[in-house]
>>> print(open('data_10.txt').read())   # compact mmCIF, C-alpha atoms
# COMPACT_ATOMS: atom_id res chain seq x y z
CA MET O 24 135.54 125.55 20.45
CA LYS O 25 138.34 124.95 18.02
CA LEU O 26 141.61 126.71 17.54
CA THR O 27 142.86 127.61 14.11
CA SER O 28 146.50 127.66 13.07
CA ARG O 29 148.28 130.40 14.98
CA THR O 30 152.00 129.78 14.91
CA SER O 31 154.10 129.44 11.79
CA ARG O 32 155.27 125.89 11.42
CA SER O 33 158.25 127.07 9.42
CA ALA O 34 159.25 129.51 12.16
CA LEU O 35 159.26 126.79 14.79
CA ALA O 36 161.09 124.40 12.52
CA ALA O 37 163.77 126.99 11.93
CA ALA O 38 163.85 127.78 15.63
CA ALA O 39 164.51 124.15 16.36
CA VAL O 40 167.66 124.31 14.24
CA SER O 41 169.03 127.05 16.41
CA LEU O 42 168.21 125.09 19.53
CA SER O 43 171.11 122.93 18.34
CA LEU O 44 170.81 119.58 16.65
CA ALA O 45 173.28 118.17 19.11
CA MET O 46 171.08 119.09 22.04
CA PHE O 47 168.04 117.55 20.46
CA ALA O 48 170.01 114.44 19.63
CA THR O 49 170.89 113.94 23.27
CA ALA O 50 167.29 114.57 24.21
CA CYS O 51 165.86 111.99 21.85
CA GLY O 52 163.84 109.39 23.62
CA GLY O 53 163.21 105.71 23.68
CA ASP O 54 163.27 103.73 26.88
CA ASP O 55 166.64 102.08 26.26
CA GLY O 56 165.18 98.61 26.59
CA SER O 57 163.57 99.17 29.96
CA ASP O 58 159.98 98.28 30.87
CA LYS O 59 157.53 99.38 28.17
CA ALA O 60 154.47 98.22 30.03
CA GLY O 61 153.61 96.09 32.97
CA THR O 62 150.97 93.46 33.55
CA ALA O 63 147.91 93.32 35.75
CA ALA O 64 149.91 91.20 38.18
CA LYS O 65 152.95 93.47 38.06
CA PRO O 66 152.01 96.92 36.78
CA VAL O 67 154.49 99.64 35.90
CA THR O 68 154.31 102.44 38.48
CA LEU O 69 154.75 105.99 37.17
CA THR O 70 155.51 109.08 39.21
CA TYR O 71 153.74 112.24 38.07
CA TRP O 72 154.59 115.74 39.30
CA GLY O 73 152.32 118.71 38.72
CA TRP O 74 150.35 121.55 40.26
CA SER O 75 147.18 121.74 38.15
CA LEU O 76 143.83 121.54 39.92
CA GLY O 77 142.30 118.07 39.69
CA ALA O 78 145.59 116.34 38.84
CA GLN O 79 145.20 113.87 41.70
CA GLN O 80 141.71 112.98 40.49
CA VAL O 81 143.04 112.37 36.99
CA ALA O 82 145.65 109.96 38.32
CA ASP O 83 143.03 108.20 40.44
CA GLU O 84 140.69 107.75 37.46
CA PHE O 85 143.52 106.41 35.31
CA ASN O 86 144.39 103.89 38.00
CA LYS O 87 140.79 102.68 38.13
CA THR O 88 140.73 101.93 34.43
CA HIS O 89 144.26 100.64 33.78
CA LYS O 90 145.69 97.44 35.18
CA ASP O 91 149.19 97.41 33.65
CA ILE O 92 150.14 101.00 34.54
CA LYS O 93 149.66 102.80 37.85
CA VAL O 94 150.27 106.49 38.47
CA LYS O 95 151.44 108.04 41.73
CA PHE O 96 150.83 111.79 41.78
CA SER O 97 152.89 114.25 43.83
CA ALA O 98 151.92 117.91 44.01
CA ILE O 99 154.72 120.42 43.50
CA THR O 100 154.77 124.20 43.50
CA GLY O 101 154.15 125.88 40.19
CA GLY O 102 156.48 128.49 38.73
CA PRO O 103 160.26 128.85 39.20
CA ASP O 104 160.45 126.74 42.35
CA GLY O 105 158.66 123.87 40.69
CA TYR O 106 160.83 124.03 37.60
CA ALA O 107 163.97 124.12 39.75
CA LYS O 108 162.78 120.96 41.51
CA ILE O 109 162.15 119.23 38.18
CA THR O 110 165.51 120.35 36.77
CA ASN O 111 167.42 119.20 39.82
CA ALA O 112 165.71 115.82 39.78
CA ILE O 113 166.55 115.29 36.12
CA LYS O 114 170.19 116.26 36.65
CA ALA O 115 170.40 113.96 39.66
CA GLY O 116 169.02 111.03 37.67
CA ASN O 117 165.89 110.60 39.75
CA ALA O 118 163.33 112.48 37.70
CA PRO O 119 159.64 111.61 37.74
CA ASP O 120 158.12 109.88 34.74
CA VAL O 121 155.63 112.61 33.83
CA VAL O 122 155.68 116.33 34.64
CA GLY O 123 153.55 119.34 33.96
CA ILE O 124 155.45 121.97 31.96
CA GLU O 125 153.99 125.22 30.71
CA TYR O 126 154.29 126.09 27.03
CA PRO O 127 156.70 129.02 27.59
CA GLN O 128 159.16 126.77 29.42
CA LEU O 129 158.92 123.71 27.16
CA PRO O 130 161.53 124.86 24.57
CA GLU O 131 163.98 125.54 27.38
CA PHE O 132 163.65 122.03 28.80
CA ALA O 133 163.75 120.38 25.36
CA SER O 134 166.75 122.35 24.11
CA GLN O 135 168.78 121.40 27.18
CA GLY O 136 168.19 117.70 26.68
CA MET O 137 165.93 117.36 29.71
CA LEU O 138 162.97 115.72 27.97
CA GLU O 139 162.37 112.50 26.12
CA ASP O 140 161.33 112.71 22.49
CA ILE O 141 157.91 111.04 22.52
CA SER O 142 157.20 111.42 18.81
CA SER O 143 156.92 107.69 18.16
CA GLU O 144 154.62 107.19 21.15
CA VAL O 145 152.21 110.13 20.80
CA GLY O 146 153.20 112.12 17.71
CA ASP O 147 150.29 110.79 15.65
CA THR O 148 147.86 111.42 18.51
CA VAL O 149 148.98 115.02 18.87
CA LYS O 150 148.56 115.57 15.13
CA ALA O 151 145.12 113.97 15.11
CA LYS O 152 143.66 115.49 18.27
CA PHE O 153 144.98 119.07 18.38
CA SER O 154 144.81 122.06 16.09
CA GLN O 155 147.98 123.22 14.40
CA SER O 156 148.38 126.14 16.79
CA ILE O 157 148.34 123.79 19.78
CA GLN O 158 150.62 121.27 18.06
CA ASP O 159 153.11 124.07 17.54
CA ARG O 160 153.30 124.65 21.28
CA VAL O 161 154.73 121.15 21.86
CA THR O 162 156.47 120.32 18.57
CA LEU O 163 160.04 121.52 18.01
CA GLY O 164 162.47 120.40 15.35
CA GLY O 165 159.91 118.02 13.93
CA LYS O 166 159.75 116.15 17.24
CA THR O 167 156.95 115.94 19.79
CA TRP O 168 158.13 116.80 23.28
CA ALA O 169 154.85 116.83 25.21
CA VAL O 170 151.09 116.33 24.99
CA PRO O 171 149.09 119.58 25.27
CA TYR O 172 146.73 119.96 28.20
CA ASP O 173 144.94 123.32 27.95
CA ALA O 174 144.41 126.38 25.75
CA THR O 175 144.62 129.75 27.49
CA PRO O 176 143.28 132.79 25.63
CA ASN O 177 143.15 135.93 27.76
CA LEU O 178 139.85 136.97 29.35
CA LEU O 179 138.64 139.92 31.42
CA TYR O 180 137.04 139.14 34.80
CA TYR O 181 135.06 142.11 36.08
CA ARG O 182 132.70 143.14 38.87
CA LYS O 183 129.30 143.66 37.28
CA ASP O 184 127.97 145.57 40.27
CA ILE O 185 130.87 148.04 40.35
CA PHE O 186 130.74 148.64 36.60
CA LYS O 187 126.99 149.21 36.77
CA LYS O 188 127.26 151.61 39.70
CA ALA O 189 129.87 153.66 37.83
CA GLY O 190 127.81 153.62 34.64
CA VAL O 191 130.56 151.80 32.77
CA ALA O 192 130.02 149.36 29.91
CA VAL O 193 132.37 146.41 29.55
CA PRO O 194 135.28 147.77 27.47
CA THR O 195 135.98 146.10 24.14
CA THR O 196 139.11 148.13 23.28
CA TRP O 197 142.01 149.40 25.34
CA ASP O 198 140.91 152.98 24.67
CA GLU O 199 137.54 152.10 26.19
CA TYR O 200 139.32 150.41 29.10
CA LYS O 201 141.21 153.62 29.90
CA ALA O 202 138.02 155.66 29.68
CA ALA O 203 136.26 153.17 31.95
CA ALA O 204 139.16 153.39 34.40
CA LYS O 205 138.68 157.14 34.70
CA LYS O 206 134.92 156.80 35.27
CA ILE O 207 135.33 154.11 37.91
CA LYS O 208 137.89 156.17 39.82
CA LYS O 209 135.66 159.24 39.56
CA ALA O 210 132.68 157.29 40.89
CA ASP O 211 134.70 156.04 43.88
CA LYS O 212 138.15 157.44 44.64
CA ASP O 213 139.13 154.20 46.39
CA VAL O 214 138.33 151.87 43.48
CA ARG O 215 140.52 151.10 40.48
CA ILE O 216 139.49 149.26 37.33
CA GLY O 217 142.35 146.76 37.56
CA ASP O 218 145.87 146.00 38.70
CA TRP O 219 149.20 146.08 36.90
CA ALA O 220 151.08 143.04 38.20
CA ASN O 221 154.85 143.20 37.80
CA ASP O 222 155.07 139.97 39.79
CA ASP O 223 153.38 137.85 37.10
CA PRO O 224 155.88 136.98 34.32
CA ALA O 225 153.10 135.56 32.13
CA LEU O 226 151.10 138.79 31.89
CA LEU O 227 153.34 141.08 29.85
CA PRO O 228 154.14 138.55 27.10
CA ALA O 229 150.45 137.65 26.84
CA LEU O 230 149.54 141.30 26.29
CA ALA O 231 152.48 141.87 23.94
CA TRP O 232 151.43 138.78 21.97
CA GLN O 233 147.94 140.24 21.58
CA ALA O 234 149.42 143.49 20.26
CA GLY O 235 151.36 141.67 17.54
CA ALA O 236 154.77 141.43 19.22
CA LYS O 237 157.26 138.77 18.16
CA TRP O 238 159.54 138.13 21.11
CA TYR O 239 161.46 135.33 19.40
CA GLY O 240 162.08 134.29 15.83
CA THR O 241 164.88 132.92 13.69
CA GLU O 242 167.16 134.08 10.94
CA GLY O 243 168.79 131.09 9.34
CA ASP O 244 170.23 129.08 12.23
CA ALA O 245 170.28 132.04 14.61
CA TRP O 246 167.78 133.33 17.13
CA LYS O 247 166.26 136.78 16.76
CA VAL O 248 165.11 138.45 19.98
CA GLY O 249 162.41 141.14 19.80
CA ILE O 250 161.28 141.55 23.40
CA ASN O 251 161.76 145.31 23.13
CA ASP O 252 159.96 145.58 19.77
CA ALA O 253 157.49 148.31 18.82
CA ALA O 254 154.36 146.34 19.72
CA SER O 255 155.73 145.49 23.16
CA LYS O 256 156.73 149.11 23.75
CA LYS O 257 153.17 150.17 22.90
CA VAL O 258 151.83 147.81 25.56
CA ALA O 259 154.44 148.94 28.09
CA ASP O 260 153.74 152.63 27.51
CA TYR O 261 149.99 152.08 27.75
CA TRP O 262 150.14 150.32 31.12
CA GLN O 263 152.80 152.65 32.47
CA GLY O 264 150.48 155.51 31.62
CA LEU O 265 147.67 153.90 33.60
CA VAL O 266 150.05 153.42 36.53
CA ASP O 267 151.37 156.98 36.37
CA ASP O 268 147.84 158.39 36.21
CA ASP O 269 146.80 156.28 39.21
CA LEU O 270 144.09 154.55 37.17
CA VAL O 271 145.16 151.01 38.13
CA ALA O 272 146.48 149.46 41.33
CA THR O 273 149.97 148.00 41.49
CA ALA O 274 149.65 145.41 44.22
CA GLY O 275 150.77 142.40 42.20
CA PHE O 276 148.62 139.34 41.53
CA THR O 277 150.32 137.15 44.13
CA SER O 278 150.26 139.74 46.91
CA PRO O 279 147.97 139.77 49.96
CA GLU O 280 147.05 143.32 48.95
CA PHE O 281 145.58 142.16 45.65
CA THR O 282 143.58 139.45 47.41
CA LYS O 283 142.26 142.05 49.83
CA ALA O 284 141.41 144.43 46.98
CA ARG O 285 139.33 141.77 45.26
CA ASN O 286 137.70 140.87 48.54
CA ASP O 287 136.69 144.41 49.46
CA GLY O 288 135.86 145.54 45.93
CA THR O 289 138.59 148.13 45.43
CA VAL O 290 139.74 146.37 42.24
CA ALA O 291 136.95 146.07 39.71
CA SER O 292 138.53 143.68 37.19
CA TYR O 293 141.60 141.60 36.37
CA ILE O 294 143.08 139.76 33.39
CA GLY O 295 142.96 135.98 33.48
CA ALA O 296 142.16 132.91 31.38
CA SER O 297 139.55 130.15 31.63
CA TRP O 298 141.53 128.58 34.47
CA SER O 299 140.92 131.71 36.56
CA ALA O 300 137.20 130.98 36.95
CA GLY O 301 137.63 128.03 39.30
CA GLY O 302 140.15 129.91 41.42
CA GLN O 303 137.88 132.93 41.66
CA MET O 304 134.99 130.80 42.88
CA THR O 305 137.14 129.04 45.47
CA ALA O 306 138.85 132.16 46.81
CA PHE O 307 135.77 134.40 46.98
CA PRO O 308 132.65 132.23 47.34
CA LYS O 309 130.58 135.05 48.87
CA GLN O 310 130.93 137.15 45.71
CA SER O 311 128.80 134.81 43.64
CA GLY O 312 126.70 136.73 41.12
CA LYS O 313 128.86 139.84 41.26
CA TRP O 314 131.48 138.82 38.71
CA GLY O 315 131.27 138.61 34.94
CA ILE O 316 133.54 137.30 32.19
CA ALA O 317 134.28 139.03 28.87
CA PRO O 318 136.79 138.89 26.02
CA LEU O 319 139.95 140.89 26.68
CA PRO O 320 139.86 144.46 25.33
CA ASN O 321 141.87 144.81 22.13
CA TRP O 322 143.70 147.41 20.03
CA GLY O 323 140.91 147.82 17.52
CA THR O 324 140.88 144.35 16.00
CA THR O 325 139.56 141.30 17.84
CA ALA O 326 142.64 139.43 19.02
CA THR O 327 144.22 137.79 22.04
CA GLY O 328 147.39 136.11 23.21
CA MET O 329 147.74 133.07 25.45
CA TYR O 330 148.15 133.34 29.21
CA GLY O 331 150.37 130.39 30.11
CA GLY O 332 149.12 126.91 29.29
CA THR O 333 150.39 123.51 30.40
CA SER O 334 151.49 120.25 28.80
CA TYR O 335 152.35 116.72 29.92
CA ALA O 336 156.03 115.99 29.28
CA VAL O 337 158.26 112.98 29.92
CA PRO O 338 161.59 113.89 31.60
CA LYS O 339 164.86 112.55 30.30
CA GLY O 340 165.97 109.38 32.02
CA THR O 341 162.68 107.68 32.78
CA LYS O 342 162.73 103.94 32.23
CA HIS O 343 159.07 103.95 31.27
CA VAL O 344 158.79 106.26 28.26
CA GLU O 345 156.04 104.29 26.56
CA ALA O 346 153.91 103.96 29.68
CA ALA O 347 154.46 107.62 30.59
CA ALA O 348 153.44 108.74 27.12
CA GLU O 349 150.35 106.54 27.31
CA PHE O 350 149.25 108.23 30.52
CA ALA O 351 149.97 111.70 29.10
CA ALA O 352 147.90 111.02 26.00
CA TRP O 353 145.05 109.56 28.03
CA ALA O 354 145.02 112.52 30.42
CA ALA O 355 144.84 115.01 27.56
CA THR O 356 142.47 113.31 25.12
CA THR O 357 139.81 111.29 26.98
CA PRO O 358 136.44 112.41 28.37
CA ALA O 359 137.08 110.39 31.53
CA ALA O 360 140.18 112.44 32.28
CA VAL O 361 138.35 115.75 31.81
CA LYS O 362 135.48 114.64 34.02
CA ALA O 363 137.93 113.51 36.70
CA ARG O 364 139.83 116.80 36.60
CA LEU O 365 136.64 118.80 37.14
CA SER O 366 135.30 116.48 39.85
CA LYS O 367 137.05 118.22 42.75
CA LEU O 368 134.16 120.46 43.71
CA GLU O 369 135.88 122.16 46.65
CA ALA O 370 138.57 123.46 44.26
CA PRO O 371 137.11 123.14 40.76
CA SER O 372 139.27 123.28 37.65
CA SER O 373 137.93 125.42 34.83
CA ALA O 374 140.79 124.88 32.40
CA LEU O 375 139.87 124.84 28.72
CA PRO O 376 141.01 121.55 27.14
CA ALA O 377 143.46 121.98 24.30
CA ASN O 378 141.67 119.10 22.59
CA ALA O 379 138.63 120.72 20.98
CA GLU O 380 136.67 117.46 21.17
CA LEU O 381 136.69 117.66 24.97
CA ARG O 382 135.50 121.22 25.44
CA GLU O 383 131.83 120.33 25.34
CA VAL O 384 132.52 117.61 27.90
CA ALA O 385 134.27 120.10 30.18
CA ALA O 386 131.52 122.67 29.78
CA GLY O 387 128.94 120.05 30.69
CA VAL O 388 130.76 119.05 33.86
CA PHE O 389 131.87 122.46 35.15
CA ASP O 390 129.12 124.07 37.22
CA ASP O 391 129.72 127.63 38.37
CA GLN O 392 126.35 127.62 40.20
CA GLY O 393 125.52 131.04 38.80
CA TYR O 394 128.71 132.59 40.12
CA PHE O 395 129.31 134.58 36.94
CA GLY O 396 125.73 135.68 36.45
CA GLY O 397 125.10 133.50 33.43
CA ASP O 398 128.41 134.18 31.67
CA ASP O 399 129.70 130.86 30.32
CA VAL O 400 133.48 130.68 30.73
CA TYR O 401 133.80 127.86 28.22
CA LYS O 402 131.73 129.60 25.55
CA ILE O 403 133.57 132.91 25.99
CA ALA O 404 137.02 131.30 26.15
CA GLY O 405 136.15 129.15 23.16
CA ALA O 406 135.32 132.16 21.02
CA ALA O 407 138.42 133.99 22.26
CA ALA O 408 140.69 131.10 21.34
CA ASP O 409 139.78 131.53 17.70
CA THR O 410 141.27 135.02 17.83
CA ILE O 411 144.74 134.10 19.11
CA VAL O 412 147.31 136.07 17.11
CA PRO O 413 149.43 133.79 14.87
CA ASP O 414 153.20 133.43 14.62
CA TRP O 415 154.18 133.65 18.26
CA THR O 416 157.29 131.65 19.19
CA TRP O 417 158.61 130.95 22.68
CA GLY O 418 162.38 131.01 23.01
CA PRO O 419 164.87 128.72 24.77
CA VAL O 420 165.73 131.08 27.64
CA GLN O 421 162.39 132.14 29.10
CA THR O 422 163.44 131.73 32.73
CA ALA O 423 166.26 134.27 32.46
CA THR O 424 164.00 136.56 30.46
CA ASN O 425 161.21 136.44 33.04
CA THR O 426 163.56 137.11 35.93
CA ALA O 427 165.10 140.13 34.23
CA ILE O 428 161.75 141.64 33.26
CA THR O 429 160.26 141.16 36.71
CA ASP O 430 163.27 142.58 38.53
CA ALA O 431 163.69 145.62 36.31
CA SER O 432 160.03 146.56 36.06
CA SER O 433 159.51 146.22 39.81
CA LYS O 434 162.28 148.78 40.37
CA GLY O 435 161.49 151.05 37.42
CA THR O 436 159.00 151.13 34.55
CA VAL O 437 157.39 148.51 32.36
CA ALA O 438 159.61 149.72 29.53
CA ASP O 439 162.65 149.14 31.74
CA GLY O 440 161.49 145.55 32.07
CA LEU O 441 161.40 145.10 28.31
CA LYS O 442 164.93 146.48 27.91
CA ALA O 443 166.22 144.21 30.64
CA GLY O 444 164.44 141.23 29.15
CA GLN O 445 165.95 141.91 25.73
CA SER O 446 169.47 142.09 27.15
CA ALA O 447 169.00 139.04 29.37
CA ALA O 448 167.61 136.93 26.53
CA GLU O 449 170.46 137.84 24.19
CA LYS O 450 173.06 137.07 26.84
CA ALA O 451 171.42 133.79 27.86
CA ILE O 452 171.23 132.62 24.25
CA LYS O 453 174.95 133.30 23.73
CA ASP O 454 175.84 131.76 27.09
CA ARG O 455 174.01 128.60 26.02
CA GLY O 456 176.19 128.41 22.92
CA LEU O 457 173.31 129.17 20.56
CA ASN O 458 173.55 131.56 17.64
CA LEU O 459 172.19 135.08 18.00
CA ALA O 460 171.20 137.06 14.92
CA LYS O 461 172.91 140.45 14.62
>>> encode(input="data_10.txt", output="structure tokens")
Amino acid sequence: MKLTSRTSRSALAAAAVSLSLAMFATACGGDDGSDKAGTAAKPVTLTYWGWSLGAQQVADEFNKTHKDIKVKFSAITGGPDGYAKITNAIKAGNAPDVVGIEYPQLPEFASQGMLEDISSEVGDTVKAKFSQSIQDRVTLGGKTWAVPYDATPNLLYYRKDIFKKAGVAVPTTWDEYKAAAKKIKKADKDVRIGDWANDDPALLPALAWQAGAKWYGTEGDAWKVGINDAASKKVADYWQGLVDDDLVATAGFTSPEFTKARNDGTVASYIGASWSAGGQMTAFPKQSGKWGIAPLPNWGTTATGMYGGTSYAVPKGTKHVEAAAEFAAWAATTPAAVKARLSKLEAPSSALPANAELREVAAGVFDDQGYFGGDDVYKIAGAAADTIVPDWTWGPVQTATNTAITDASSKGTVADGLKAGQSAAEKAIKDRGLNLAK
């Protein structure tokens, strides 16, 4: 599977201007004369923090094949708690050498001077090994701030047995999804087609992205914020309608209630990405053969957004920039790293490599043992990735935006979340001393 160009290079370049040249200047890397590499007798030891499945196995494989660099992996919590831990460590001057950072959060870390510029170490590799759309996720202001790890087009995971019993075909459009929701509820009053999760800050932007929203952009050297734009409102109104009509559950993806609903079959589908497959298999092993995977329904034209996605970044202050960048590039671009990541059979990773050259390797290693009834997550995700809507830009204040959206929508409507996110983003941009377009 290969990704085509999705995000305007000019938009990101302009966005980088508004992130403040001064901030990027302070973030620029180099290892200030410290160790660039060790020797077999005295290797450089790197600390690596992350939460991705198989990360320990990747570090172990690297250590087997490299004598002058050794990697010590420490698992941290994903999400806000993990980012707070990384931020605090950087500010305290004891940051790890490599960290996992999701694409939505990368501009925020880079713009605050918390990452090393690793353009000279891996810039050419990123250009050579990744499509333009993936490069754009880690390149800001003409500088490379991370090495991409995975690509994350949205997918629909659904219960084949429940759909069949209700006489429902897999929906290809959102109109069909709503019609299917009505049929499934009619067939069994206790079952809903899916769940609207206000607790997942990655879901709404992924769906808005698919609909053609542009949450961030630039106008000259100023940021434009469009979180409450027409496309996003369409998505919000659609899902609020499903909630109001009691056609979807509202348990929240991280709640025990949602886990129970999947376990007892009262939720017939959910939105995920390729990385969801491994988690599904691990969490519900007895449901093998009941689940299927399909492209996400669309608005009439085949399209998708991206649901998260992670990169390898080098925090500001490490004394081993070159060695850290070498590990990051190896982990993201070598078959050995992919095979190691998928080797943890008790908790298998099914992430889709951002490097198109490695997707066949990953597909060959990942074995779902018939869990999805013959549906190939890598084939389906690969095709979906070619339909990612172009020109999406992540802004420099995603944490504040996510918090505002989650808080407001959990107390009110999805549309309330958008309004709150718009206000929070505008305020956070001004509070950071960045320019906001009028």
>>> residues_around(input="data_10.txt", residues="segment 384-397 of chain O", least_positions_apart="6", cutoff="8 Å", atoms="only C-alpha atoms", output="PyMOL selection string")
chain O and resi 301+304+310-316+358+361-362+365-366+371-373+375-376
>>> write_last_selection(input="data_10.txt", atoms="C-alpha atoms", output="PDB file, in the coordinates of the input")
ATOM      1  CA  GLY O 301     137.630 128.030  39.300  1.00  0.00           C
ATOM      2  CA  MET O 304     134.990 130.800  42.880  1.00  0.00           C
ATOM      3  CA  GLN O 310     130.930 137.150  45.710  1.00  0.00           C
ATOM      4  CA  SER O 311     128.800 134.810  43.640  1.00  0.00           C
ATOM      5  CA  GLY O 312     126.700 136.730  41.120  1.00  0.00           C
ATOM      6  CA  LYS O 313     128.860 139.840  41.260  1.00  0.00           C
ATOM      7  CA  TRP O 314     131.480 138.820  38.710  1.00  0.00           C
ATOM      8  CA  GLY O 315     131.270 138.610  34.940  1.00  0.00           C
ATOM      9  CA  ILE O 316     133.540 137.300  32.190  1.00  0.00           C
ATOM     10  CA  PRO O 358     136.440 112.410  28.370  1.00  0.00           C
ATOM     11  CA  VAL O 361     138.350 115.750  31.810  1.00  0.00           C
ATOM     12  CA  LYS O 362     135.480 114.640  34.020  1.00  0.00           C
ATOM     13  CA  LEU O 365     136.640 118.800  37.140  1.00  0.00           C
ATOM     14  CA  SER O 366     135.300 116.480  39.850  1.00  0.00           C
ATOM     15  CA  PRO O 371     137.110 123.140  40.760  1.00  0.00           C
ATOM     16  CA  SER O 372     139.270 123.280  37.650  1.00  0.00           C
ATOM     17  CA  SER O 373     137.930 125.420  34.830  1.00  0.00           C
ATOM     18  CA  LEU O 375     139.870 124.840  28.720  1.00  0.00           C
ATOM     19  CA  PRO O 376     141.010 121.550  27.140  1.00  0.00           C
TER      20      PRO O 376
END
>>> closest_residue(input="data_10.txt", among="O:Thr148, O:Thr357, O:Thr327, O:Thr241", to="Val170 of chain O", atoms="all atoms listed in the file")
O:Thr148
>>> axis_aligned_box(input="data_10.txt", around="segment 275-292 of chain O", padding_each_side="8 Å", output="lines of an AutoDock Vina configuration file")
center_x = 143.3
center_y = 142.6
center_z = 43.6
size_x = 30.9
size_y = 27.0
size_z = 28.8
>>> closest_residue(input="data_10.txt", among="O:Leu230, O:Ala78, O:Ala236, O:Leu179", to="Val400 of chain O", atoms="all atoms listed in the file")
O:Leu179
>>> atom_distance(input="data_10.txt", atom1="atom CA of Asp269 of chain O", atom2="atom CA of Ala291 of chain O")
14.2 Å
>>> closest_residue(input="data_10.txt", among="O:Leu226, O:Gly243, O:Thr356, O:Arg364", to="Ala151 of chain O", atoms="all atoms listed in the file")
O:Thr356
>>> closest_residue(input="data_10.txt", among="O:Lys188, O:Lys90, O:Arg285, O:Lys342", to="Asp218 of chain O", atoms="all atoms listed in the file")
O:Arg285
>>> residues_around(input="data_10.txt", residues="Ile411 of chain O", least_positions_apart="2", cutoff="7 Å", atoms="all atoms listed in the file", output="MDAnalysis selection string")
chainID O and resid 29 176 326:328 408:409 413
>>> build_atoms(input="data_10.txt", residues="segment 290-306 of chain O", atoms="N, CA and C atoms", output="PDB file, in the frame of the given file")
ATOM      1  N   VAL O 290     139.285 146.673  43.595  1.00  0.00           N
ATOM      2  CA  VAL O 290     139.740 146.370  42.240  1.00  0.00           C
ATOM      3  C   VAL O 290     138.555 145.777  41.500  1.00  0.00           C
ATOM      4  N   ALA O 291     138.194 146.421  40.386  1.00  0.00           N
ATOM      5  CA  ALA O 291     136.950 146.070  39.710  1.00  0.00           C
ATOM      6  C   ALA O 291     137.113 145.041  38.599  1.00  0.00           C
ATOM      7  N   SER O 292     138.339 144.686  38.241  1.00  0.00           N
ATOM      8  CA  SER O 292     138.530 143.680  37.190  1.00  0.00           C
ATOM      9  C   SER O 292     139.974 143.182  37.241  1.00  0.00           C
ATOM     10  N   TYR O 293     140.226 142.082  36.540  1.00  0.00           N
ATOM     11  CA  TYR O 293     141.600 141.600  36.370  1.00  0.00           C
ATOM     12  C   TYR O 293     141.654 140.736  35.118  1.00  0.00           C
ATOM     13  N   ILE O 294     142.862 140.562  34.605  1.00  0.00           N
ATOM     14  CA  ILE O 294     143.080 139.760  33.390  1.00  0.00           C
ATOM     15  C   ILE O 294     143.398 138.334  33.803  1.00  0.00           C
ATOM     16  N   GLY O 295     142.727 137.382  33.178  1.00  0.00           N
ATOM     17  CA  GLY O 295     142.960 135.980  33.480  1.00  0.00           C
ATOM     18  C   GLY O 295     142.765 135.118  32.243  1.00  0.00           C
ATOM     19  N   ALA O 296     142.473 133.857  32.449  1.00  0.00           N
ATOM     20  CA  ALA O 296     142.160 132.910  31.380  1.00  0.00           C
ATOM     21  C   ALA O 296     141.028 132.031  31.899  1.00  0.00           C
ATOM     22  N   SER O 297     140.662 130.993  31.171  1.00  0.00           N
ATOM     23  CA  SER O 297     139.550 130.150  31.630  1.00  0.00           C
ATOM     24  C   SER O 297     139.878 129.517  32.976  1.00  0.00           C
ATOM     25  N   TRP O 298     141.158 129.206  33.208  1.00  0.00           N
ATOM     26  CA  TRP O 298     141.530 128.580  34.470  1.00  0.00           C
ATOM     27  C   TRP O 298     141.297 129.492  35.678  1.00  0.00           C
ATOM     28  N   SER O 299     141.133 130.784  35.447  1.00  0.00           N
ATOM     29  CA  SER O 299     140.920 131.710  36.560  1.00  0.00           C
ATOM     30  C   SER O 299     139.547 131.555  37.200  1.00  0.00           C
ATOM     31  N   ALA O 300     138.577 131.046  36.447  1.00  0.00           N
ATOM     32  CA  ALA O 300     137.200 130.980  36.950  1.00  0.00           C
ATOM     33  C   ALA O 300     137.104 130.105  38.198  1.00  0.00           C
ATOM     34  N   GLY O 301     137.694 128.925  38.147  1.00  0.00           N
ATOM     35  CA  GLY O 301     137.630 128.030  39.300  1.00  0.00           C
ATOM     36  C   GLY O 301     138.300 128.634  40.518  1.00  0.00           C
ATOM     37  N   GLY O 302     139.450 129.278  40.312  1.00  0.00           N
ATOM     38  CA  GLY O 302     140.150 129.910  41.420  1.00  0.00           C
ATOM     39  C   GLY O 302     139.368 131.052  42.027  1.00  0.00           C
ATOM     40  N   GLN O 303     138.700 131.818  41.178  1.00  0.00           N
ATOM     41  CA  GLN O 303     137.880 132.930  41.660  1.00  0.00           C
ATOM     42  C   GLN O 303     136.757 132.408  42.546  1.00  0.00           C
ATOM     43  N   MET O 304     136.081 131.373  42.109  1.00  0.00           N
ATOM     44  CA  MET O 304     134.990 130.800  42.880  1.00  0.00           C
ATOM     45  C   MET O 304     135.455 130.265  44.228  1.00  0.00           C
ATOM     46  N   THR O 305     136.613 129.624  44.233  1.00  0.00           N
ATOM     47  CA  THR O 305     137.140 129.040  45.470  1.00  0.00           C
ATOM     48  C   THR O 305     137.593 130.103  46.457  1.00  0.00           C
ATOM     49  N   ALA O 306     138.272 131.130  45.939  1.00  0.00           N
ATOM     50  CA  ALA O 306     138.850 132.160  46.810  1.00  0.00           C
ATOM     51  C   ALA O 306     137.802 133.127  47.358  1.00  0.00           C
TER      52      ALA O 306
END
